[in-house]
Amino acid sequence: METVQLSPRLNAVLQFIPKSKCLADIGSDHAHLPLRAVQDKIAETAIAGEVRPGPYYQALNNVKTSRMQEYIDVRMGDGLDVIREPGQADAIVIAGMGGELIRDILERGKSKLSTNTVLILQPNIREAYVRKWLNDNGWDIIDECIVEEFPHFYEIIQARQVAERKELTDMELQMGPILSKKGEPAFIKKWKRREKKLFDILDALNHAEETDSVRRKKEDSENYLQLIKSCLNQLES
């Protein structure tokens with residue numbers, strides 16, 4: 001059987017999956033990730049969940065073509081509904097979606113999560129929404145990484161439930177409690193780019209007619225810019 005090839009983004013997600021009895025990949029698309037996880041013996045079995053008929057049938061076909069039906073169960077359902085009972089999956093991946101959608105999937109399906117569950121989350125945008133949900137619901141971020149797939153940067157978050165919650169700061173919510181300390185080249189590149197974009201936004205706002213809306217946007221942009229500068233300065237010192 002030919003080894004499934006993954007993009008740099010999905011390969012980074014794969015590296016964050018611990019050895020597991022059952023991996024659930026939510027929004028599995030073509031089921032490439034669970035196929036590779038089982039091939040590499042990271043997961044003994046897997047659930048590939050899809051809410052849309054097109055990707056569901058594509059995933060089903062890929063699993064059949066790979067002759068992996070014994071190990072991978074392709075299920076149609078919304079979010080964590082494809083997990084039939086709490087703790088059925090000891091590792092859950094939700095990747096390739098917006099941060100708000102990942103947060104909503106976790107909130108709607110939190111009864112399916114157990115104390116043994118490891119979450120591997122990869123929001124395309126608005127990572128702070130995911131970190132805030134984790135922080136508010138007793139999950140500890142135990143590792144993070146960032147990968148560049150030009151022109152995008154993707155952050156991967158690994159989390160476990162904890163007895164005592166550590167309150168994340170604004171900087172940690174926005175930039176990651178671990179990433180903001182690691183200072184990986186891709187992380188610095190991402191936030192330097194965001195810093196420049198904020199300078200451009202502020203320049204445009206400074207030339208705009210002064211209204212309440214403009215003043216609020218300026219204040220928000222200045223606060224965000226200060227947060228980025230503070231983090232980058234700490235990494236450079």
# chains A, B, ... in the order shown; residues from 1 in each chain; ligands from 1

$ select_by_dssp --residues "segment 164-218 of chain A" --states "alpha helix (DSSP H)" --output "ChimeraX atom specification"
/A:170-175,179-182,185-206,212-218

$ closest_atom_pairs --of "segment 94-208 of chain A" --to "segment 231-234 of chain A" --cutoff "9 Å" --atoms "only C-alpha atoms" --output "Markdown table"
| residue | atom | partner | partner_atom | distance |
| --- | --- | --- | --- | --- |
| A:Met171 | CA | A:Cys231 | CA | 7.5 |
| A:Met175 | CA | A:Cys231 | CA | 8.5 |
| A:Ser180 | CA | A:Cys231 | CA | 6.7 |
| A:Lys181 | CA | A:Cys231 | CA | 8.4 |
| A:Gly183 | CA | A:Leu232 | CA | 8.3 |
| A:Ile188 | CA | A:Leu232 | CA | 7.3 |
| A:Trp191 | CA | A:Leu232 | CA | 8.1 |
| A:Lys192 | CA | A:Leu232 | CA | 8.4 |

$ closest_residue --among "A:Ala95, A:Ala59, A:Leu35, A:Ala46" --to "Leu10 of chain A" --atoms "only C-alpha atoms"
A:Ala95

$ closest_residue --among "A:Cys145, A:Val51, A:Leu205, A:Ala163" --to "Ile178 of chain A" --atoms "only C-alpha atoms"
A:Cys145

$ select_by_dssp --residues "segment 11-228 of chain A" --states "strand (DSSP E)" --output "count of residues only"
54

$ closest_residue --among "A:Thr3, A:Asn62, A:Ser114, A:Ser221" --to "Lys196 of chain A" --atoms "only C-alpha atoms"
A:Ser221

$ residues_around --residues "Arg67 of chain A" --least-positions-apart "4" --cutoff "12 Å" --atoms "only C-alpha atoms" --output "list in words"
Met1, Glu2, Leu35, Val38, Gln39, Leu60, Asn61, Asn62, Val63, Tyr71, Ile72 and Asp73 of chain A

$ closest_residue --among "A:Val82, A:Ile47, A:Leu33, A:Leu173" --to "Pro8 of chain A" --atoms "only C-alpha atoms"
A:Leu33

$ closest_residue --among "A:Ala37, A:Leu106, A:Ile94, A:Leu202" --to "Ile156 of chain A" --atoms "only C-alpha atoms"
A:Ile94

$ residues_around --residues "Asn137 of chain A" --least-positions-apart "5" --cutoff "9 Å" --atoms "only C-alpha atoms" --output "count of residues only"
3

$ closest_residue --among "A:Asn206, A:Glu184, A:Gln174, A:Ala128" --to "Tyr224 of chain A" --atoms "only C-alpha atoms"
A:Gln174

$ residues_around --residues "His152 of chain A" --least-positions-apart "6" --cutoff "12 Å" --atoms "only C-alpha atoms" --output "PDB file with N, CA and C atoms, in the first residue's frame"
ATOM      1  N   PRO A   8       2.800  20.104   4.154  1.00  0.00           N
ATOM      2  CA  PRO A   8       3.531  20.504   5.370  1.00  0.00           C
ATOM      3  C   PRO A   8       2.604  20.782   6.556  1.00  0.00           C
ATOM      4  N   ARG A   9       1.445  21.384   6.286  1.00  0.00           N
ATOM      5  CA  ARG A   9       0.484  21.681   7.360  1.00  0.00           C
ATOM      6  C   ARG A   9      -0.012  20.391   8.016  1.00  0.00           C
ATOM      7  N   GLY A  96      -7.929  22.833   9.847  1.00  0.00           N
ATOM      8  CA  GLY A  96      -8.281  23.431   8.563  1.00  0.00           C
ATOM      9  C   GLY A  96      -9.556  24.235   8.563  1.00  0.00           C
ATOM     10  N   PRO A 123      -6.441  25.840  13.766  1.00  0.00           N
ATOM     11  CA  PRO A 123      -7.285  26.867  13.155  1.00  0.00           C
ATOM     12  C   PRO A 123      -6.540  27.593  12.035  1.00  0.00           C
ATOM     13  N   ASN A 124      -7.258  27.872  10.947  1.00  0.00           N
ATOM     14  CA  ASN A 124      -6.638  28.638   9.856  1.00  0.00           C
ATOM     15  C   ASN A 124      -6.488  30.110  10.229  1.00  0.00           C
ATOM     16  N   ILE A 125      -7.457  30.626  10.972  1.00  0.00           N
ATOM     17  CA  ILE A 125      -7.459  32.027  11.416  1.00  0.00           C
ATOM     18  C   ILE A 125      -8.072  32.085  12.817  1.00  0.00           C
ATOM     19  N   ILE A 146       4.232  26.134  14.665  1.00  0.00           N
ATOM     20  CA  ILE A 146       3.761  26.946  13.549  1.00  0.00           C
ATOM     21  C   ILE A 146       4.463  26.472  12.286  1.00  0.00           C
ATOM     22  N   ALA A 186       9.324  31.017  11.736  1.00  0.00           N
ATOM     23  CA  ALA A 186       8.026  31.228  11.087  1.00  0.00           C
ATOM     24  C   ALA A 186       7.113  32.093  11.949  1.00  0.00           C
ATOM     25  N   PHE A 187       7.210  31.940  13.269  1.00  0.00           N
ATOM     26  CA  PHE A 187       6.419  32.752  14.195  1.00  0.00           C
ATOM     27  C   PHE A 187       6.813  34.219  14.078  1.00  0.00           C
ATOM     28  N   LYS A 189       8.341  35.681  11.602  1.00  0.00           N
ATOM     29  CA  LYS A 189       7.982  36.144  10.258  1.00  0.00           C
ATOM     30  C   LYS A 189       6.498  36.496  10.184  1.00  0.00           C
ATOM     31  N   LYS A 190       5.656  35.642  10.757  1.00  0.00           N
ATOM     32  CA  LYS A 190       4.211  35.893  10.754  1.00  0.00           C
ATOM     33  C   LYS A 190       3.880  37.205  11.450  1.00  0.00           C
ATOM     34  N   TRP A 191       4.453  37.390  12.645  1.00  0.00           N
ATOM     35  CA  TRP A 191       4.073  38.559  13.425  1.00  0.00           C
ATOM     36  C   TRP A 191       4.747  39.834  12.950  1.00  0.00           C
ATOM     37  N   ARG A 193       5.038  40.396   9.783  1.00  0.00           N
ATOM     38  CA  ARG A 193       4.116  40.716   8.691  1.00  0.00           C
ATOM     39  C   ARG A 193       2.844  41.350   9.237  1.00  0.00           C
ATOM     40  N   ARG A 194       2.321  40.793  10.343  1.00  0.00           N
ATOM     41  CA  ARG A 194       1.115  41.359  10.963  1.00  0.00           C
ATOM     42  C   ARG A 194       1.385  42.760  11.494  1.00  0.00           C
TER      43      ARG A 194
END

$ residues_around --residues "Met76 of chain A" --least-positions-apart "6" --cutoff "12 Å" --atoms "only C-alpha atoms" --output "VMD selection string"
chain A and resid 25 to 29 47 to 60 82 to 84

$ write_last_selection --atoms "C-alpha atoms" --output "PDB file, in the first residue's frame"
ATOM      1  CA  ASP A  25     -10.365  13.430  12.535  1.00  0.00           C
ATOM      2  CA  ILE A  26     -13.207  15.948  12.390  1.00  0.00           C
ATOM      3  CA  GLY A  27     -13.706  17.497   8.955  1.00  0.00           C
ATOM      4  CA  SER A  28     -11.491  14.789   7.499  1.00  0.00           C
ATOM      5  CA  ASP A  29     -12.022  15.794   3.856  1.00  0.00           C
ATOM      6  CA  ILE A  47     -12.774   7.754  12.683  1.00  0.00           C
ATOM      7  CA  ALA A  48     -12.912  10.067   9.669  1.00  0.00           C
ATOM      8  CA  GLY A  49     -15.808  12.470  10.214  1.00  0.00           C
ATOM      9  CA  GLU A  50     -17.367  14.627   7.496  1.00  0.00           C
ATOM     10  CA  VAL A  51     -20.528  16.703   7.450  1.00  0.00           C
ATOM     11  CA  ARG A  52     -20.693  17.213   3.660  1.00  0.00           C
ATOM     12  CA  PRO A  53     -21.683  14.403   1.267  1.00  0.00           C
ATOM     13  CA  GLY A  54     -18.973  15.134  -1.335  1.00  0.00           C
ATOM     14  CA  PRO A  55     -15.959  14.879   0.995  1.00  0.00           C
ATOM     15  CA  TYR A  56     -17.643  12.008   2.873  1.00  0.00           C
ATOM     16  CA  TYR A  57     -17.868   9.850  -0.258  1.00  0.00           C
ATOM     17  CA  GLN A  58     -14.354  10.858  -1.313  1.00  0.00           C
ATOM     18  CA  ALA A  59     -13.011   9.790   2.092  1.00  0.00           C
ATOM     19  CA  LEU A  60     -14.987   6.539   1.881  1.00  0.00           C
ATOM     20  CA  VAL A  82     -19.409  11.206  14.810  1.00  0.00           C
ATOM     21  CA  ILE A  83     -17.944  10.149  18.177  1.00  0.00           C
ATOM     22  CA  ARG A  84     -20.670   7.918  19.578  1.00  0.00           C
TER      23      ARG A  84
END

$ decode --residues "segment 70-223 of chain A" --atoms "C-alpha atoms" --output "mmCIF file, in the first residue's frame"
data_model
loop_
_atom_site.group_PDB
_atom_site.id
_atom_site.type_symbol
_atom_site.label_atom_id
_atom_site.label_comp_id
_atom_site.auth_asym_id
_atom_site.auth_seq_id
_atom_site.Cartn_x
_atom_site.Cartn_y
_atom_site.Cartn_z
ATOM 1 C CA GLU A 70 -10.919 -2.616 8.983
ATOM 2 C CA TYR A 71 -9.084 0.238 10.696
ATOM 3 C CA ILE A 72 -10.788 3.445 9.550
ATOM 4 C CA ASP A 73 -14.504 4.118 9.957
ATOM 5 C CA VAL A 74 -15.764 6.954 7.735
ATOM 6 C CA ARG A 75 -18.809 8.589 9.325
ATOM 7 C CA MET A 76 -21.093 11.391 8.206
ATOM 8 C CA GLY A 77 -22.068 13.763 10.974
ATOM 9 C CA ASP A 78 -21.744 17.274 12.362
ATOM 10 C CA GLY A 79 -18.605 17.886 14.402
ATOM 11 C CA LEU A 80 -18.108 15.592 17.372
ATOM 12 C CA ASP A 81 -21.441 13.835 16.699
ATOM 13 C CA VAL A 82 -19.409 11.206 14.810
ATOM 14 C CA ILE A 83 -17.944 10.149 18.177
ATOM 15 C CA ARG A 84 -20.670 7.918 19.578
ATOM 16 C CA GLU A 85 -19.720 7.968 23.258
ATOM 17 C CA PRO A 86 -17.392 9.938 25.553
ATOM 18 C CA GLY A 87 -13.832 8.698 25.413
ATOM 19 C CA GLN A 88 -14.320 6.622 22.251
ATOM 20 C CA ALA A 89 -11.522 8.649 20.653
ATOM 21 C CA ASP A 90 -8.458 9.296 22.802
ATOM 22 C CA ALA A 91 -7.048 11.740 20.231
ATOM 23 C CA ILE A 92 -9.186 14.235 18.324
ATOM 24 C CA VAL A 93 -8.005 16.391 15.436
ATOM 25 C CA ILE A 94 -9.961 19.423 14.245
ATOM 26 C CA ALA A 95 -7.923 21.102 11.523
ATOM 27 C CA GLY A 96 -8.281 23.431 8.563
ATOM 28 C CA MET A 97 -11.190 25.544 9.841
ATOM 29 C CA GLY A 98 -11.631 28.997 11.314
ATOM 30 C CA GLY A 99 -11.048 29.452 15.023
ATOM 31 C CA GLU A 100 -14.676 30.370 15.707
ATOM 32 C CA LEU A 101 -15.933 27.193 14.016
ATOM 33 C CA ILE A 102 -13.478 24.996 15.943
ATOM 34 C CA ARG A 103 -14.596 26.681 19.180
ATOM 35 C CA ASP A 104 -18.260 26.048 18.314
ATOM 36 C CA ILE A 105 -17.593 22.381 17.452
ATOM 37 C CA LEU A 106 -15.866 21.893 20.813
ATOM 38 C CA GLU A 107 -18.625 23.673 22.716
ATOM 39 C CA ARG A 108 -21.438 21.688 21.060
ATOM 40 C CA GLY A 109 -19.633 18.381 21.473
ATOM 41 C CA LYS A 110 -17.881 18.736 24.821
ATOM 42 C CA SER A 111 -19.920 15.855 26.285
ATOM 43 C CA LYS A 112 -17.927 13.572 23.921
ATOM 44 C CA LEU A 113 -14.614 14.624 25.473
ATOM 45 C CA SER A 114 -13.041 12.796 28.402
ATOM 46 C CA THR A 115 -10.141 13.396 30.769
ATOM 47 C CA ASN A 116 -8.024 11.057 28.623
ATOM 48 C CA THR A 117 -8.690 12.956 25.386
ATOM 49 C CA VAL A 118 -5.869 14.799 23.646
ATOM 50 C CA LEU A 119 -6.986 17.616 21.344
ATOM 51 C CA ILE A 120 -4.938 18.581 18.292
ATOM 52 C CA LEU A 121 -6.369 21.791 16.862
ATOM 53 C CA GLN A 122 -5.268 23.705 13.786
ATOM 54 C CA PRO A 123 -7.285 26.867 13.155
ATOM 55 C CA ASN A 124 -6.638 28.638 9.856
ATOM 56 C CA ILE A 125 -7.459 32.027 11.416
ATOM 57 C CA ARG A 126 -8.550 33.517 14.765
ATOM 58 C CA GLU A 127 -6.490 31.193 16.922
ATOM 59 C CA ALA A 128 -7.340 33.257 20.018
ATOM 60 C CA TYR A 129 -10.947 31.961 19.944
ATOM 61 C CA VAL A 130 -9.648 28.402 20.275
ATOM 62 C CA ARG A 131 -7.202 29.227 23.063
ATOM 63 C CA LYS A 132 -9.872 31.113 25.001
ATOM 64 C CA TRP A 133 -12.296 28.181 24.803
ATOM 65 C CA LEU A 134 -9.577 25.811 26.009
ATOM 66 C CA ASN A 135 -8.653 28.165 28.848
ATOM 67 C CA ASP A 136 -12.273 28.700 29.898
ATOM 68 C CA ASN A 137 -13.074 24.971 29.859
ATOM 69 C CA GLY A 138 -10.164 23.553 31.846
ATOM 70 C CA TRP A 139 -7.808 22.514 29.055
ATOM 71 C CA ASP A 140 -4.070 23.109 29.235
ATOM 72 C CA ILE A 141 -2.094 23.899 26.084
ATOM 73 C CA ILE A 142 0.844 21.502 26.334
ATOM 74 C CA ASP A 143 2.498 22.182 22.987
ATOM 75 C CA GLU A 144 2.261 24.449 19.954
ATOM 76 C CA CYS A 145 4.043 24.790 16.649
ATOM 77 C CA ILE A 146 3.761 26.946 13.549
ATOM 78 C CA VAL A 147 4.278 25.963 9.919
ATOM 79 C CA GLU A 148 4.495 28.120 6.814
ATOM 80 C CA GLU A 149 2.750 27.134 3.588
ATOM 81 C CA PHE A 150 3.292 30.241 1.492
ATOM 82 C CA PRO A 151 1.561 32.640 1.776
ATOM 83 C CA HIS A 152 -0.083 31.296 4.937
ATOM 84 C CA PHE A 153 1.058 30.464 8.458
ATOM 85 C CA TYR A 154 -0.694 27.706 10.384
ATOM 86 C CA GLU A 155 -0.572 27.185 14.144
ATOM 87 C CA ILE A 156 -1.109 23.751 15.689
ATOM 88 C CA ILE A 157 -2.227 23.452 19.312
ATOM 89 C CA GLN A 158 -2.109 20.314 21.472
ATOM 90 C CA ALA A 159 -4.186 20.343 24.666
ATOM 91 C CA ARG A 160 -5.213 18.119 27.592
ATOM 92 C CA GLN A 161 -7.701 18.591 30.414
ATOM 93 C CA VAL A 162 -6.276 19.752 33.736
ATOM 94 C CA ALA A 163 -7.588 20.008 37.287
ATOM 95 C CA GLU A 164 -6.406 23.596 37.786
ATOM 96 C CA ARG A 165 -6.713 26.229 35.097
ATOM 97 C CA LYS A 166 -3.880 28.658 34.383
ATOM 98 C CA GLU A 167 -5.270 31.980 33.214
ATOM 99 C CA LEU A 168 -3.771 33.002 29.871
ATOM 100 C CA THR A 169 -2.716 36.604 29.280
ATOM 101 C CA ASP A 170 -3.899 38.602 26.253
ATOM 102 C CA MET A 171 -0.531 37.992 24.617
ATOM 103 C CA GLU A 172 -0.779 34.239 25.235
ATOM 104 C CA LEU A 173 -4.314 34.102 23.858
ATOM 105 C CA GLN A 174 -3.361 35.953 20.684
ATOM 106 C CA MET A 175 0.132 34.607 20.071
ATOM 107 C CA GLY A 176 0.235 31.352 22.011
ATOM 108 C CA PRO A 177 1.613 30.591 25.498
ATOM 109 C CA ILE A 178 4.289 28.315 24.016
ATOM 110 C CA LEU A 179 4.816 29.860 20.580
ATOM 111 C CA SER A 180 5.394 33.300 22.101
ATOM 112 C CA LYS A 181 8.297 31.848 24.096
ATOM 113 C CA LYS A 182 9.765 29.534 21.429
ATOM 114 C CA GLY A 183 10.299 32.330 18.912
ATOM 115 C CA GLU A 184 10.424 30.023 15.877
ATOM 116 C CA PRO A 185 11.484 31.753 12.615
ATOM 117 C CA ALA A 186 8.026 31.228 11.087
ATOM 118 C CA PHE A 187 6.419 32.752 14.195
ATOM 119 C CA ILE A 188 8.598 35.873 14.003
ATOM 120 C CA LYS A 189 7.982 36.144 10.258
ATOM 121 C CA LYS A 190 4.211 35.893 10.754
ATOM 122 C CA TRP A 191 4.073 38.559 13.425
ATOM 123 C CA LYS A 192 6.486 40.918 11.651
ATOM 124 C CA ARG A 193 4.116 40.716 8.691
ATOM 125 C CA ARG A 194 1.115 41.359 10.963
ATOM 126 C CA GLU A 195 2.973 44.287 12.542
ATOM 127 C CA LYS A 196 3.514 45.887 9.126
ATOM 128 C CA LYS A 197 -0.148 45.378 8.236
ATOM 129 C CA LEU A 198 -1.196 47.138 11.445
ATOM 130 C CA PHE A 199 1.107 50.079 10.660
ATOM 131 C CA ASP A 200 -0.629 50.369 7.272
ATOM 132 C CA ILE A 201 -4.062 50.191 8.903
ATOM 133 C CA LEU A 202 -3.145 52.884 11.421
ATOM 134 C CA ASP A 203 -1.758 55.082 8.664
ATOM 135 C CA ALA A 204 -5.064 54.812 6.783
ATOM 136 C CA LEU A 205 -7.075 55.490 9.951
ATOM 137 C CA ASN A 206 -4.970 58.564 10.738
ATOM 138 C CA HIS A 207 -5.968 59.987 7.357
ATOM 139 C CA ALA A 208 -9.648 59.083 7.755
ATOM 140 C CA GLU A 209 -12.407 61.341 9.039
ATOM 141 C CA GLU A 210 -12.460 61.249 12.857
ATOM 142 C CA THR A 211 -15.557 59.337 13.988
ATOM 143 C CA ASP A 212 -16.352 57.127 16.989
ATOM 144 C CA SER A 213 -15.871 54.052 14.815
ATOM 145 C CA VAL A 214 -12.477 55.244 13.553
ATOM 146 C CA ARG A 215 -11.348 56.103 17.093
ATOM 147 C CA ARG A 216 -12.311 52.611 18.316
ATOM 148 C CA LYS A 217 -10.496 50.948 15.415
ATOM 149 C CA LYS A 218 -7.406 53.058 16.082
ATOM 150 C CA GLU A 219 -7.411 52.164 19.762
ATOM 151 C CA ASP A 220 -7.868 48.437 19.025
ATOM 152 C CA SER A 221 -5.116 48.485 16.379
ATOM 153 C CA GLU A 222 -2.714 50.380 18.651
ATOM 154 C CA ASN A 223 -3.306 47.927 21.522
#
